[in-house]
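Participant: File follows, final33.cif with mmCIF, C-alpha atoms:
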data_work
#
loop_
_atom_site.label_atom_id
_atom_site.label_comp_id
_atom_site.auth_asym_id
_atom_site.auth_seq_id
_atom_site.Cartn_x
_atom_site.Cartn_y
_atom_site.Cartn_z
CA MET A 1 6.01 -10.50 35.55
CA THR A 2 6.39 -7.02 34.19
CA ALA A 3 4.18 -5.48 31.53
CA GLN A 4 6.89 -6.15 28.97
CA GLU A 5 6.95 -9.83 29.82
CA TYR A 6 3.17 -10.05 29.55
CA ALA A 7 3.27 -8.34 26.17
CA PHE A 8 6.04 -10.63 25.01
CA THR A 9 4.16 -13.74 26.14
CA VAL A 10 0.99 -12.72 24.32
CA LEU A 11 2.92 -11.89 21.13
CA ALA A 12 4.99 -15.06 21.30
CA VAL A 13 1.92 -17.26 21.73
CA ILE A 14 0.13 -15.57 18.81
CA GLY A 15 3.24 -15.82 16.66
CA ALA A 16 3.83 -19.47 17.50
CA ILE A 17 0.22 -20.46 16.80
CA ALA A 18 0.30 -18.62 13.48
CA ALA A 19 3.64 -20.22 12.61
CA ILE A 20 2.18 -23.68 13.21
CA ALA A 21 -0.78 -22.68 11.07
CA VAL A 22 1.62 -21.66 8.27
CA VAL A 23 3.05 -25.15 8.01
CA THR A 24 -0.21 -27.01 8.57
CA ALA A 25 -2.40 -24.89 6.28
CA ARG A 26 -3.92 -26.83 3.41
CA ASN A 27 -4.06 -23.79 1.15
CA VAL A 28 -0.92 -21.94 0.04
CA VAL A 29 -2.63 -18.57 0.13
CA HIS A 30 -3.84 -19.18 3.68
CA ALA A 31 -0.27 -20.14 4.64
CA ALA A 32 0.96 -16.81 3.25
CA LEU A 33 -1.71 -14.96 5.23
CA TYR A 34 -0.78 -16.78 8.45
CA LEU A 35 2.79 -15.75 7.73
CA VAL A 36 1.59 -12.14 7.97
CA VAL A 37 0.46 -12.77 11.55
CA THR A 38 3.75 -14.45 12.46
CA LEU A 39 5.88 -11.66 10.98
CA ALA A 40 3.69 -8.99 12.58
CA SER A 41 4.06 -10.62 15.98
CA VAL A 42 7.84 -10.65 15.50
CA GLY A 43 7.53 -6.94 14.76
CA GLY A 44 5.59 -6.57 18.00
CA VAL A 45 8.39 -8.33 19.87
CA TYR A 46 10.88 -5.82 18.45
CA LEU A 47 8.63 -3.06 19.70
CA VAL A 48 8.53 -4.64 23.16
CA LEU A 49 12.33 -4.69 23.09
CA SER A 50 12.27 -0.93 22.35
CA ALA A 51 13.77 -1.44 18.89
CA GLU A 52 11.23 0.89 17.31
CA PHE A 53 12.93 1.31 13.94
CA VAL A 54 13.51 -2.41 13.43
CA ALA A 55 9.90 -3.05 14.37
CA TRP A 56 8.61 -0.72 11.65
CA VAL A 57 11.07 -2.12 9.14
CA GLN A 58 9.68 -5.55 10.00
CA ILE A 59 6.10 -4.38 9.52
CA LEU A 60 6.67 -2.35 6.33
CA ILE A 61 9.16 -4.59 4.55
CA TYR A 62 8.24 -8.09 5.70
CA VAL A 63 4.51 -7.79 6.29
CA GLY A 64 4.00 -5.18 3.61
CA ALA A 65 6.35 -6.20 0.85
CA ILE A 66 7.70 -9.73 1.25
CA VAL A 67 4.30 -11.33 1.75
CA ILE A 68 2.98 -9.33 -1.21
CA LEU A 69 5.86 -10.79 -3.23
CA PHE A 70 4.90 -14.27 -2.05
CA LEU A 71 1.34 -13.77 -3.19
CA PHE A 72 2.46 -12.30 -6.52
CA GLY A 73 4.85 -15.19 -6.93
CA LEU A 74 1.95 -17.61 -6.42
CA MET A 75 -0.11 -15.70 -8.96
CA LEU A 76 2.53 -15.21 -11.62
CA THR A 77 4.07 -18.65 -11.57
CA LYS A 78 1.80 -21.53 -12.31
CA ALA A 79 1.99 -22.75 -8.74
CA PRO A 80 -1.06 -24.75 -7.82
CA ILE A 81 -3.34 -22.57 -5.70
CA GLY A 82 -6.16 -24.14 -3.79
CA ARG A 83 -6.91 -26.94 -1.44
CA ASP A 84 -4.46 -29.82 -1.12
CA ALA A 85 -1.99 -28.13 -3.42
CA LEU A 86 0.63 -28.42 -0.69
CA ASP A 87 2.79 -31.43 -0.08
CA ASN A 88 1.70 -32.32 3.43
CA GLU A 89 2.94 -35.88 3.41
CA HIS A 90 6.69 -35.40 3.39
CA GLN A 91 7.04 -33.23 6.45
CA TRP A 92 9.54 -35.36 8.31
CA VAL A 93 12.71 -33.91 6.81
CA PRO A 94 11.70 -30.24 7.25
CA MET A 95 10.56 -31.07 10.78
CA MET A 96 13.95 -32.57 11.63
CA VAL A 97 15.85 -29.70 10.01
CA SER A 98 13.84 -26.97 11.72
CA GLY A 99 13.95 -28.84 15.02
CA GLY A 100 17.72 -29.10 14.73
CA VAL A 101 18.07 -25.41 13.90
CA PHE A 102 15.83 -24.51 16.84
CA ALA A 103 17.82 -26.67 19.28
CA GLY A 104 21.10 -25.26 17.95
CA LEU A 105 19.89 -21.67 18.31
CA VAL A 106 18.64 -22.26 21.85
CA PHE A 107 21.98 -23.81 22.77
CA LEU A 108 24.00 -21.00 21.20
CA ILE A 109 21.91 -18.19 22.70
CA ASP A 110 22.05 -19.88 26.09
CA ARG A 111 25.82 -20.13 25.85
CA ALA A 112 26.23 -16.58 24.60
CA PHE A 113 24.06 -14.82 27.15
CA HIS A 114 24.23 -17.23 30.11
CA LEU A 115 20.51 -17.25 30.66
CA ASP A 116 19.59 -18.43 34.10
CA SER A 117 16.16 -19.66 35.02
CA ARG A 118 15.12 -16.17 36.07
CA ALA A 119 16.35 -14.32 33.03
CA ARG A 120 15.54 -10.66 33.18
CA PHE A 121 13.78 -9.06 30.30
CA ALA A 122 16.28 -6.38 29.38
CA ALA A 123 15.49 -3.91 26.66
CA PHE A 124 18.26 -2.22 24.71
CA PRO A 125 16.75 1.13 23.90
CA ALA A 126 17.78 2.21 20.42
CA PRO A 127 15.71 5.29 19.72
CA THR A 128 14.96 5.95 16.09
CA ALA A 129 16.65 9.33 16.43
CA ARG A 130 19.94 7.62 17.22
CA VAL A 131 19.53 5.22 14.31
CA GLY A 132 18.85 8.16 12.02
CA ASP A 133 21.78 10.10 13.39
CA SER A 134 24.25 7.33 12.74
CA LEU A 135 22.70 6.53 9.36
CA PHE A 136 22.70 10.07 8.02
CA ARG A 137 25.98 11.24 9.58
CA GLY A 138 28.18 8.18 9.73
CA PHE A 139 26.98 6.19 6.73
CA VAL A 140 26.22 8.83 4.14
CA LEU A 141 27.86 7.10 1.21
CA PRO A 142 26.35 3.65 1.86
CA PHE A 143 22.99 5.34 2.26
CA GLU A 144 23.26 7.02 -1.14
CA ALA A 145 24.56 3.76 -2.59
CA VAL A 146 21.31 2.14 -1.47
CA SER A 147 19.32 4.48 -3.69
CA PHE A 148 21.55 3.52 -6.61
CA LEU A 149 20.92 -0.14 -5.80
CA LEU A 150 17.17 0.49 -5.79
CA LEU A 151 17.47 2.21 -9.18
CA ALA A 152 19.38 -0.75 -10.59
CA ALA A 153 16.86 -3.22 -9.13
CA LEU A 154 13.91 -1.43 -10.70
CA ILE A 155 15.54 -1.05 -14.10
CA GLY A 156 16.47 -4.75 -13.98
CA ALA A 157 12.89 -5.68 -13.12
CA VAL A 158 11.50 -3.62 -16.02
CA VAL A 159 14.01 -5.05 -18.49
CA LEU A 160 13.24 -8.62 -17.43
CA ALA A 161 9.48 -8.07 -17.44
CA ARG A 162 9.51 -6.46 -20.88
CA LYS A 163 11.59 -9.29 -22.30
CA ASP A 164 9.03 -11.70 -20.95
CA GLU A 165 6.16 -9.71 -22.38
CA ALA A 166 7.68 -9.52 -25.84
CA LYS A 167 7.68 -13.32 -26.11
CA MET B 168 8.94 4.09 25.09
CA LEU B 169 6.62 1.16 25.31
CA ARG B 170 4.18 3.40 27.15
CA ASP B 171 3.87 5.55 24.00
CA TYR B 172 2.29 2.61 22.25
CA LEU B 173 -0.36 2.03 24.91
CA PRO B 174 -3.02 4.00 22.97
CA VAL B 175 -2.21 1.97 19.86
CA VAL B 176 -2.60 -1.28 21.76
CA LEU B 177 -5.84 -0.05 23.32
CA LEU B 178 -7.23 0.96 19.94
CA ALA B 179 -6.24 -2.38 18.42
CA ALA B 180 -7.86 -4.24 21.31
CA LEU B 181 -11.03 -2.17 20.95
CA ALA B 182 -11.14 -2.80 17.20
CA VAL B 183 -10.74 -6.56 17.64
CA ALA B 184 -13.31 -6.60 20.45
CA PHE B 185 -15.79 -4.66 18.31
CA ALA B 186 -15.35 -7.00 15.34
CA VAL B 187 -15.68 -10.13 17.46
CA ALA B 188 -18.66 -8.72 19.39
CA SER B 189 -20.60 -7.67 16.30
CA MET B 190 -19.98 -10.97 14.52
CA THR B 191 -20.98 -12.97 17.59
CA ALA B 192 -24.07 -10.82 18.06
CA SER B 193 -25.14 -11.28 14.46
CA ARG B 194 -24.63 -15.01 14.76
CA LEU B 195 -26.62 -15.23 17.98
CA LEU B 196 -29.41 -12.81 17.15
CA GLY B 197 -29.88 -13.20 13.41
CA PRO B 198 -31.97 -15.93 11.81
CA ASN B 199 -29.89 -18.63 10.13
CA ARG B 200 -31.59 -20.30 7.17
CA PRO B 201 -28.87 -21.17 4.67
CA ASP B 202 -29.54 -22.58 1.24
CA PRO B 203 -27.10 -23.40 -1.59
CA VAL B 204 -27.82 -20.19 -3.47
CA LYS B 205 -27.17 -18.01 -0.46
CA LEU B 206 -23.95 -19.89 0.30
CA SER B 207 -22.52 -19.57 -3.19
CA ALA B 208 -19.74 -17.04 -3.56
CA TYR B 209 -21.85 -14.80 -5.78
CA GLU B 210 -25.58 -14.93 -5.75
CA CYS B 211 -25.59 -13.67 -9.29
CA GLY B 212 -23.09 -13.75 -12.11
CA ASN B 213 -20.64 -16.44 -13.07
CA GLU B 214 -19.28 -19.16 -10.87
CA PRO B 215 -15.71 -18.27 -9.98
CA ILE B 216 -13.38 -20.65 -11.78
CA ARG B 217 -9.64 -20.98 -11.82
CA LEU B 218 -7.52 -19.71 -14.64
CA PRO B 219 -7.10 -22.35 -17.32
CA LYS B 220 -3.77 -24.16 -17.30
CA GLY B 221 -1.07 -22.24 -19.11
CA GLU B 222 -2.84 -18.94 -18.60
CA LYS B 223 -0.62 -16.49 -16.76
CA PHE B 224 -1.26 -13.30 -14.94
CA GLY B 225 0.18 -10.32 -16.74
CA VAL B 226 3.80 -9.54 -16.05
CA LYS B 227 2.69 -5.94 -15.48
CA PHE B 228 1.55 -6.92 -12.01
CA TYR B 229 5.11 -7.93 -11.24
CA VAL B 230 6.45 -4.54 -12.29
CA VAL B 231 3.91 -2.84 -10.06
CA ALA B 232 4.91 -5.11 -7.17
CA MET B 233 8.57 -4.23 -7.72
CA LEU B 234 7.71 -0.53 -7.84
CA PHE B 235 5.82 -0.91 -4.58
CA ILE B 236 8.74 -2.64 -2.87
CA ILE B 237 11.27 -0.05 -4.09
CA PHE B 238 9.19 2.79 -2.73
CA ASP B 239 8.46 0.83 0.44
CA ILE B 240 12.19 0.69 1.10
CA GLU B 241 12.46 4.38 0.34
CA THR B 242 9.76 5.07 2.94
CA ILE B 243 11.70 3.07 5.51
CA PHE B 244 14.64 5.44 5.10
CA LEU B 245 12.36 8.45 5.34
CA PHE B 246 11.25 7.34 8.81
CA PRO B 247 14.56 7.85 10.73
CA TRP B 248 15.25 10.89 8.59
CA ALA B 249 11.96 12.49 9.62
CA VAL B 250 12.89 11.95 13.27
CA THR B 251 16.37 13.50 12.98
CA PHE B 252 16.12 16.03 10.18
CA ARG B 253 15.95 19.01 12.53
CA THR B 254 19.39 18.24 13.93
CA LEU B 255 20.79 17.28 10.53
CA GLY B 256 19.94 20.63 8.99
CA LEU B 257 20.66 21.48 5.38
CA PHE B 258 23.06 18.57 5.03
CA GLY B 259 20.32 16.07 5.77
CA LEU B 260 17.96 17.80 3.37
CA VAL B 261 20.46 17.62 0.49
CA GLU B 262 21.29 14.04 1.39
CA MET B 263 17.66 12.98 1.26
CA ALA B 264 17.06 15.02 -1.90
CA ILE B 265 19.81 13.08 -3.68
CA PHE B 266 18.38 9.80 -2.39
CA ILE B 267 14.84 10.58 -3.48
CA GLY B 268 16.14 12.02 -6.75
CA LEU B 269 17.88 8.78 -7.67
CA VAL B 270 14.84 6.69 -6.82
CA PHE B 271 12.71 9.16 -8.77
CA VAL B 272 14.91 8.50 -11.81
CA ALA B 273 13.88 4.86 -11.51
CA TYR B 274 10.24 5.93 -11.38
CA VAL B 275 10.58 8.10 -14.48
CA TYR B 276 12.34 5.24 -16.25
CA VAL B 277 9.50 2.82 -15.52
CA TRP B 278 6.94 5.42 -16.53
CA LYS B 279 8.63 6.22 -19.83
CA LYS B 280 9.16 2.54 -20.57
CA GLY B 281 5.45 1.98 -20.29
CA GLY B 282 5.61 -0.02 -17.08
CA LEU B 283 2.62 1.87 -15.75
CA ASP B 284 0.43 1.49 -18.85
CA TRP B 285 -2.45 -0.84 -18.20
CA ALA B 286 -3.85 -1.20 -21.69
CA GLU B 287 -2.25 -1.01 -25.08
CA GLY B 288 -2.44 2.40 -26.68
CA GLN B 289 -2.25 4.40 -23.46
CA GLY B 290 0.51 6.17 -21.64
CA PRO B 291 3.53 8.08 -22.88
CA ALA B 292 5.48 5.14 -24.30
CA SER B 293 2.76 3.88 -26.61
CA VAL B 294 1.69 7.42 -27.51
CA ARG B 295 5.27 8.12 -28.55
CA GLU B 296 5.38 4.92 -30.58
CA ALA B 297 2.09 5.73 -32.25
CA ARG B 298 3.27 9.24 -33.04
CA ALA B 299 6.54 7.93 -34.47
CA ALA B 300 4.62 5.42 -36.60
CA ALA B 301 2.27 8.14 -37.84
CA GLU B 302 5.21 10.43 -38.70
CA ALA B 303 6.92 7.60 -40.57
CA ASP B 304 3.74 7.02 -42.52
CA LEU B 305 3.48 10.71 -43.35
CA GLY B 306 7.10 10.77 -44.44
CA GLU B 307 6.57 7.80 -46.72
CA ALA B 308 3.45 9.35 -48.19
CA ALA B 309 5.33 12.59 -48.85
CA ARG B 310 8.18 10.70 -50.48
CA ALA B 311 5.79 8.71 -52.65
CA ARG B 312 4.18 11.90 -53.92
#
Starting from the file, give its structure as structure tokens.

Facilitator:
Amino acid sequence: MTAQEYAFTVLAVIGAIAAIAVVTARNVVHAALYLVVTLASVGGVYLVLSAEFVAWVQILIYVGAIVILFLFGLMLTKAPIGRDALDNEHQWVPMMVSGGVFAGLVFLIDRAFHLDSRARFAAFPAPTARVGDSLFRGFVLPFEAVSFLLLAALIGAVVLARKDEAK
Amino acid sequence: MLRDYLPVVLLAALAVAFAVASMTASRLLGPNRPDPVKLSAYECGNEPIRLPKGEKFGVKFYVVAMLFIIFDIETIFLFPWAVTFRTLGLFGLVEMAIFIGLVFVAYVYVWKKGGLDWAEGQGPASVREARAAAEADLGEAARAR
């Protein structure tokens, strides 16, 4: 095994354990915190695959922002926080659905890439410089449109929040 | 490229090892005589209780979370720009200035709308309202005279 494969194995094991902990946690907040570990390990896998930019997007957006949103969502809505607030008894349907999705993905990826038993761990180096080059030369208008979208999102959030506050 | 991250991995491993080692050492070496008072979340002060039903956290927290996410996404775009801006030259600088400018408009909007005020009667929006109310009062008083 190469160093990359070792790193991937460690990250995959950590991520899988944390993912199981997400669905078995008895406390919603703990589940959200385990989700941080899972998402961070996915970010580590991106890094192992030399996709540096995607890895940092994963860390900053998913670990940094999405989980924060989850926690704020738990706080702001009247979702029950605490022990045994989760529905742990009806796990059969989600189990079947996620199992089906997993099997389907494995099948599709196997068909698409023809993985043999000794699949090589091939990295597709996409240096951040190249990402930046294509983003800031080839996609100038979409890039500026993103800032407009962010502006609209923030104004929408303020309008909605103020309407709620006025009540 | 992966080799560049070796110091980061080493530092992370050292940090984890230090945390685990010091906690294990304190567990092994320290005396352990728990009692209910020591085990309570706060040895003094109130017992932590949940918010009563129907009580909500302020919506202001949500606005702050949205602000954080917007600027998080902005930072993500700064990252590839910082790597390439030498080759992009003036064009890249103007491009990023427009981008940051538009997001800054959003920031100013939230600020002026009072999204960053924590208490009533603080910040530009409420100061403006208070000033307008005071001026209206003055105007009425002048008219009444």

Participant: Quick one: pull the distance between atom CA of Phe53 of chain A and atom CA of Val36 of chain A, Å, one decimal.

Facilitator: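 Answer for the atom CA of Phe53 of chain A to atom CA of Val36 of chain A separation: 18.6 Å.
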
Participant: If the PyMOL selection byres ((chain B) within 10 of (chain A)) is run on the structure shown, which residues does it catch, given as a ChimeraX atom specification?

Facilitator: /B:168-170,172,217-218,220-252,254-255,258-259,262-263,265-274,276-277,280-282

Participant: Export, as a PDB file, keeping the file's coordinate frame, the selected residues with C-alpha atoms.

Facilitator:
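And here's again17.pdb as it stands now:
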ATOM      1  CA  MET B 168       8.940   4.090  25.090  1.00  0.00           C
ATOM      2  CA  LEU B 169       6.620   1.160  25.310  1.00  0.00           C
ATOM      3  CA  ARG B 170       4.180   3.400  27.150  1.00  0.00           C
ATOM      4  CA  TYR B 172       2.290   2.610  22.250  1.00  0.00           C
ATOM      5  CA  ARG B 217      -9.640 -20.980 -11.820  1.00  0.00           C
ATOM      6  CA  LEU B 218      -7.520 -19.710 -14.640  1.00  0.00           C
ATOM      7  CA  LYS B 220      -3.770 -24.160 -17.300  1.00  0.00           C
ATOM      8  CA  GLY B 221      -1.070 -22.240 -19.110  1.00  0.00           C
ATOM      9  CA  GLU B 222      -2.840 -18.940 -18.600  1.00  0.00           C
ATOM     10  CA  LYS B 223      -0.620 -16.490 -16.760  1.00  0.00           C
ATOM     11  CA  PHE B 224      -1.260 -13.300 -14.940  1.00  0.00           C
ATOM     12  CA  GLY B 225       0.180 -10.320 -16.740  1.00  0.00           C
ATOM     13  CA  VAL B 226       3.800  -9.540 -16.050  1.00  0.00           C
ATOM     14  CA  LYS B 227       2.690  -5.940 -15.480  1.00  0.00           C
ATOM     15  CA  PHE B 228       1.550  -6.920 -12.010  1.00  0.00           C
ATOM     16  CA  TYR B 229       5.110  -7.930 -11.240  1.00  0.00           C
ATOM     17  CA  VAL B 230       6.450  -4.540 -12.290  1.00  0.00           C
ATOM     18  CA  VAL B 231       3.910  -2.840 -10.060  1.00  0.00           C
ATOM     19  CA  ALA B 232       4.910  -5.110  -7.170  1.00  0.00           C
ATOM     20  CA  MET B 233       8.570  -4.230  -7.720  1.00  0.00           C
ATOM     21  CA  LEU B 234       7.710  -0.530  -7.840  1.00  0.00           C
ATOM     22  CA  PHE B 235       5.820  -0.910  -4.580  1.00  0.00           C
ATOM     23  CA  ILE B 236       8.740  -2.640  -2.870  1.00  0.00           C
ATOM     24  CA  ILE B 237      11.270  -0.050  -4.090  1.00  0.00           C
ATOM     25  CA  PHE B 238       9.190   2.790  -2.730  1.00  0.00           C
ATOM     26  CA  ASP B 239       8.460   0.830   0.440  1.00  0.00           C
ATOM     27  CA  ILE B 240      12.190   0.690   1.100  1.00  0.00           C
ATOM     28  CA  GLU B 241      12.460   4.380   0.340  1.00  0.00           C
ATOM     29  CA  THR B 242       9.760   5.070   2.940  1.00  0.00           C
ATOM     30  CA  ILE B 243      11.700   3.070   5.510  1.00  0.00           C
ATOM     31  CA  PHE B 244      14.640   5.440   5.100  1.00  0.00           C
ATOM     32  CA  LEU B 245      12.360   8.450   5.340  1.00  0.00           C
ATOM     33  CA  PHE B 246      11.250   7.340   8.810  1.00  0.00           C
ATOM     34  CA  PRO B 247      14.560   7.850  10.730  1.00  0.00           C
ATOM     35  CA  TRP B 248      15.250  10.890   8.590  1.00  0.00           C
ATOM     36  CA  ALA B 249      11.960  12.490   9.620  1.00  0.00           C
ATOM     37  CA  VAL B 250      12.890  11.950  13.270  1.00  0.00           C
ATOM     38  CA  THR B 251      16.370  13.500  12.980  1.00  0.00           C
ATOM     39  CA  PHE B 252      16.120  16.030  10.180  1.00  0.00           C
ATOM     40  CA  THR B 254      19.390  18.240  13.930  1.00  0.00           C
ATOM     41  CA  LEU B 255      20.790  17.280  10.530  1.00  0.00           C
ATOM     42  CA  PHE B 258      23.060  18.570   5.030  1.00  0.00           C
ATOM     43  CA  GLY B 259      20.320  16.070   5.770  1.00  0.00           C
ATOM     44  CA  GLU B 262      21.290  14.040   1.390  1.00  0.00           C
ATOM     45  CA  MET B 263      17.660  12.980   1.260  1.00  0.00           C
ATOM     46  CA  ILE B 265      19.810  13.080  -3.680  1.00  0.00           C
ATOM     47  CA  PHE B 266      18.380   9.800  -2.390  1.00  0.00           C
ATOM     48  CA  ILE B 267      14.840  10.580  -3.480  1.00  0.00           C
ATOM     49  CA  GLY B 268      16.140  12.020  -6.750  1.00  0.00           C
ATOM     50  CA  LEU B 269      17.880   8.780  -7.670  1.00  0.00           C
ATOM     51  CA  VAL B 270      14.840   6.690  -6.820  1.00  0.00           C
ATOM     52  CA  PHE B 271      12.710   9.160  -8.770  1.00  0.00           C
ATOM     53  CA  VAL B 272      14.910   8.500 -11.810  1.00  0.00           C
ATOM     54  CA  ALA B 273      13.880   4.860 -11.510  1.00  0.00           C
ATOM     55  CA  TYR B 274      10.240   5.930 -11.380  1.00  0.00           C
ATOM     56  CA  TYR B 276      12.340   5.240 -16.250  1.00  0.00           C
ATOM     57  CA  VAL B 277       9.500   2.820 -15.520  1.00  0.00           C
ATOM     58  CA  LYS B 280       9.160   2.540 -20.570  1.00  0.00           C
ATOM     59  CA  GLY B 281       5.450   1.980 -20.290  1.00  0.00           C
ATOM     60  CA  GLY B 282       5.610  -0.020 -17.080  1.00  0.00           C
TER      61      GLY B 282
END

Participant: So what do you get for atom CA of Ala55 of chain A versus atom CA of Ala40 of chain A, distance-wise?

Facilitator: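 So the two atoms, atom CA of Ala55 of chain A and atom CA of Ala40 of chain A, lie 8.8 Å apart.
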
Participant: Where's the centre, and what are the edge lengths in Å to one decimal, of a box along x, y and z enclosing all listed atoms of segment 130-139 of chain A padded 6 Å per side, as JSON?

Facilitator:
{"center_x": 23.5, "center_y": 8.2, "center_z": 12.0, "size_x": 21.3, "size_y": 18.0, "size_z": 22.5}
